[in-house]
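What follows is a short report on a single structure.
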Amino acid sequence: MAHVYDVARYILEQKPGITAMKLQKLVYYSQAWSLVWDEAPLFPQSIKAWANGPVVGTLYGCHRGHFSVMPDMFPVQSPQEITGAQGDTIQRVLEFYGDQTAQWLSDLTHMEDPWRKARERAGLADGESGDPEITLADMAEYYSGLMPNESTQ
């Protein structure tokens, strides 16, 4: 299984010089859609429901205090762990979400159930600090529900 650093480096090879906030959201959506399309997590690190949207704390520790991020900010773990299918998933995420602004992506996550449920379970109001975990189960359930139903096609 890939490490979140490998996913970040992969994204930054495709979208160099993006903001830290945008990277966090693209990593989140890569994990979410991997759960749906590949039926497996992309990386094992947890995602937290921070006030500005989903954040992987491990990743945050490397870019804390920086507005823009570069691949060399993240340790090389095992890039060969990103399989062809996982790379395809990340590419599809970048094609759909990659041209959106960080704020647009953050606003979108605030409208979606996984982030909202994590914050509700922790009793956190919008804008309130906290770091409840966004569960893989909530992500898989919500994003699989966005897929067209094959029986209606």
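Simple scheme: letters A, B, ... for chains in structure tokens order, numbers from 1 for residues in each chain, numbers from 1 for ligands in the order shown.
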
Go through region 50-130 of chain A residue by residue and, counting only C-alpha atoms, keep those with an atom at most 10 Å from region 136-140 of chain A; for each kept residue give the shortest atom pair and its distance in Å to one decimal, ordered by chain and increasing number, as CSV.
```
residue,atom,partner,partner_atom,distance
A:Glu112,CA,A:Met139,CA,9.5
A:Asp113,CA,A:Asp138,CA,7.6
A:Pro114,CA,A:Asp138,CA,5.3
A:Trp115,CA,A:Met139,CA,8.7
A:Lys117,CA,A:Asp138,CA,8.0
A:Ala118,CA,A:Asp138,CA,8.7
```

Export, as an mmCIF file, in the first residue's frame, the selected residues with N, CA and C atoms.
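again_35.cif written:
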```
data_model
loop_
_atom_site.group_PDB
_atom_site.id
_atom_site.type_symbol
_atom_site.label_atom_id
_atom_site.label_comp_id
_atom_site.auth_asym_id
_atom_site.auth_seq_id
_atom_site.Cartn_x
_atom_site.Cartn_y
_atom_site.Cartn_z
ATOM 1 N N GLU A 112 -20.437 17.762 1.951
ATOM 2 C CA GLU A 112 -20.504 16.317 1.791
ATOM 3 C C GLU A 112 -20.543 15.601 3.143
ATOM 4 N N ASP A 113 -21.227 14.467 3.160
ATOM 5 C CA ASP A 113 -21.478 13.743 4.410
ATOM 6 C C ASP A 113 -20.243 13.293 5.197
ATOM 7 N N PRO A 114 -19.186 12.775 4.586
ATOM 8 C CA PRO A 114 -18.088 12.259 5.422
ATOM 9 C C PRO A 114 -17.514 13.306 6.386
ATOM 10 N N TRP A 115 -17.239 14.504 5.897
ATOM 11 C CA TRP A 115 -16.699 15.571 6.742
ATOM 12 C C TRP A 115 -17.743 16.003 7.768
ATOM 13 N N LYS A 117 -20.382 14.340 8.958
ATOM 14 C CA LYS A 117 -20.663 13.308 9.968
ATOM 15 C C LYS A 117 -19.566 13.235 11.020
ATOM 16 N N ALA A 118 -18.316 13.331 10.586
ATOM 17 C CA ALA A 118 -17.200 13.276 11.544
ATOM 18 C C ALA A 118 -17.295 14.425 12.536
#
```

Counting only C-alpha atoms, what is within 8 Å of Gln31 (chain A), bar same-chain residues fewer than 3 positions away, as a list in words?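 Once the nearby chain positions are removed, what remains is Val27, Tyr28, Ser34, Leu35, Pro41, Leu42 and Phe43 of chain A.
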
Skip Ser46 (chain A) itself and residues of its chain fewer than 2 positions away, then list as a PDB file with C-alpha atoms, in the first residue's frame all residues within 7 Å of it, counting only C-alpha atoms.
```
ATOM      1  CA  PRO A  44      -3.267   3.848   5.504  1.00  0.00           C
ATOM      2  CA  LYS A  48      -9.221  14.289  10.018  1.00  0.00           C
ATOM      3  CA  VAL A  56      -4.065  14.164   6.670  1.00  0.00           C
ATOM      4  CA  GLU A 133     -11.442  11.122  12.033  1.00  0.00           C
TER       5      GLU A 133
END
```

Taking the chain letters and numbering used in this document, name the residues of region 89-126 of chain A that DSSP puts in alpha helix (DSSP H), as a ChimeraX atom specification. /A:89-97,102-111,113-121

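In terms of minimum interatomic distance to Tyr10 (chain A), A:Pro71 ranks closest within A:Gly145, A:Gly84, A:Gly98, A:Pro71, counting only C-alpha atoms.
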
Which region 82-117 of chain A residues have any atom within 9 Å of an atom of region 21-24 of chain A, and for each, what is the nearest pair of atoms with distance in Å to one decimal, counting only C-alpha atoms, rows sorted by chain and number, as CSV?
```
residue,atom,partner,partner_atom,distance
A:Gly98,CA,A:Lys22,CA,8.6
A:Gln100,CA,A:Lys22,CA,8.6
A:Thr101,CA,A:Lys22,CA,7.0
A:Ala102,CA,A:Lys22,CA,4.3
A:Gln103,CA,A:Lys22,CA,7.8
A:Leu105,CA,A:Lys22,CA,7.2
A:Ser106,CA,A:Met21,CA,8.1
```

Pick out the closest residue to Leu108 (chain A) from this set: A:Leu124, A:Ile82, A:Val36, A:Leu26. Count only C-alpha atoms.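 Checking each candidate against Leu108 (chain A), we get A:Leu26 as the closest.
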
Could you work out how far CA of Leu12 (chain A) lies from CA of Ser68 (chain A), giving the answer in Å with one decimal? 10.7 Å

Might you pull out every residue within 7 Å of Ile90 (chain A), with only C-alpha atoms counted and same-chain residues fewer than 4 positions away left off, and present them as JSON, numbers by chain? {"A": [30, 86, 94]}

N, CA and C atoms of the current selection, written as a PDB file, in the first residue's frame:
```pdb
ATOM      1  N   SER A  30      -8.601  11.578  -3.669  1.00  0.00           N
ATOM      2  CA  SER A  30      -7.934  10.391  -4.198  1.00  0.00           C
ATOM      3  C   SER A  30      -8.243   9.175  -3.320  1.00  0.00           C
ATOM      4  N   GLN A  86      -4.060   2.519  -9.187  1.00  0.00           N
ATOM      5  CA  GLN A  86      -4.070   3.643  -8.251  1.00  0.00           C
ATOM      6  C   GLN A  86      -3.660   4.933  -8.956  1.00  0.00           C
ATOM      7  N   LEU A  94      -7.602  14.115 -10.478  1.00  0.00           N
ATOM      8  CA  LEU A  94      -6.989  15.372 -10.931  1.00  0.00           C
ATOM      9  C   LEU A  94      -7.729  15.954 -12.132  1.00  0.00           C
TER      10      LEU A  94
END
```

Using DSSP on the backbone, list every residue of region 25-73 of chain A that comes out as strand (DSSP E or B), and give them as a list in words.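 So, restricting region 25-73 of chain A to strand (DSSP E or B), we get Ile47, Lys48, Ala49, Trp50, Gly53, Pro54, Val55 and Ser68 of chain A.
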
Write a file of the selected residues as an mmCIF file, in the first residue's frame, keeping N, CA and C atoms.
```cif
data_model
loop_
_atom_site.group_PDB
_atom_site.id
_atom_site.type_symbol
_atom_site.label_atom_id
_atom_site.label_comp_id
_atom_site.auth_asym_id
_atom_site.auth_seq_id
_atom_site.Cartn_x
_atom_site.Cartn_y
_atom_site.Cartn_z
ATOM 1 N N ILE A 47 -7.512 10.452 7.950
ATOM 2 C CA ILE A 47 -7.909 11.784 7.497
ATOM 3 C C ILE A 47 -8.787 12.381 8.584
ATOM 4 N N LYS A 48 -8.487 13.606 8.954
ATOM 5 C CA LYS A 48 -9.221 14.289 10.018
ATOM 6 C C LYS A 48 -10.137 15.361 9.435
ATOM 7 N N ALA A 49 -11.229 15.627 10.122
ATOM 8 C CA ALA A 49 -12.200 16.637 9.704
ATOM 9 C C ALA A 49 -11.888 17.958 10.405
ATOM 10 N N TRP A 50 -10.877 18.666 9.899
ATOM 11 C CA TRP A 50 -10.512 19.955 10.468
ATOM 12 C C TRP A 50 -11.515 21.015 10.019
ATOM 13 N N GLY A 53 -11.760 21.657 6.342
ATOM 14 C CA GLY A 53 -11.966 20.483 5.509
ATOM 15 C C GLY A 53 -11.046 19.349 5.889
ATOM 16 N N PRO A 54 -11.060 18.286 5.091
ATOM 17 C CA PRO A 54 -10.256 17.102 5.387
ATOM 18 C C PRO A 54 -8.754 17.378 5.331
ATOM 19 N N VAL A 55 -8.033 16.822 6.309
ATOM 20 C CA VAL A 55 -6.581 16.997 6.398
ATOM 21 C C VAL A 55 -5.955 15.688 6.876
ATOM 22 N N SER A 68 2.479 27.275 -0.400
ATOM 23 C CA SER A 68 2.634 26.392 -1.556
ATOM 24 C C SER A 68 3.475 25.188 -1.154
#
```

Taking into account only C-alpha atoms, which residue in the set A:Ala85, A:Thr19, A:Trp33, A:Ala40 is nearest to His63 (chain A)?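 Between A:Ala85, A:Thr19, A:Trp33, A:Ala40, the residue approaching His63 (chain A) most closely is A:Thr19.
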
Go through A:Ala51, A:Ile11, A:Cys62, A:Ile134 and flag the residue nearest Tyr97 (chain A), using only C-alpha atoms for the distances.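 Smallest separation from Tyr97 (chain A) among the options: A:Ile11.
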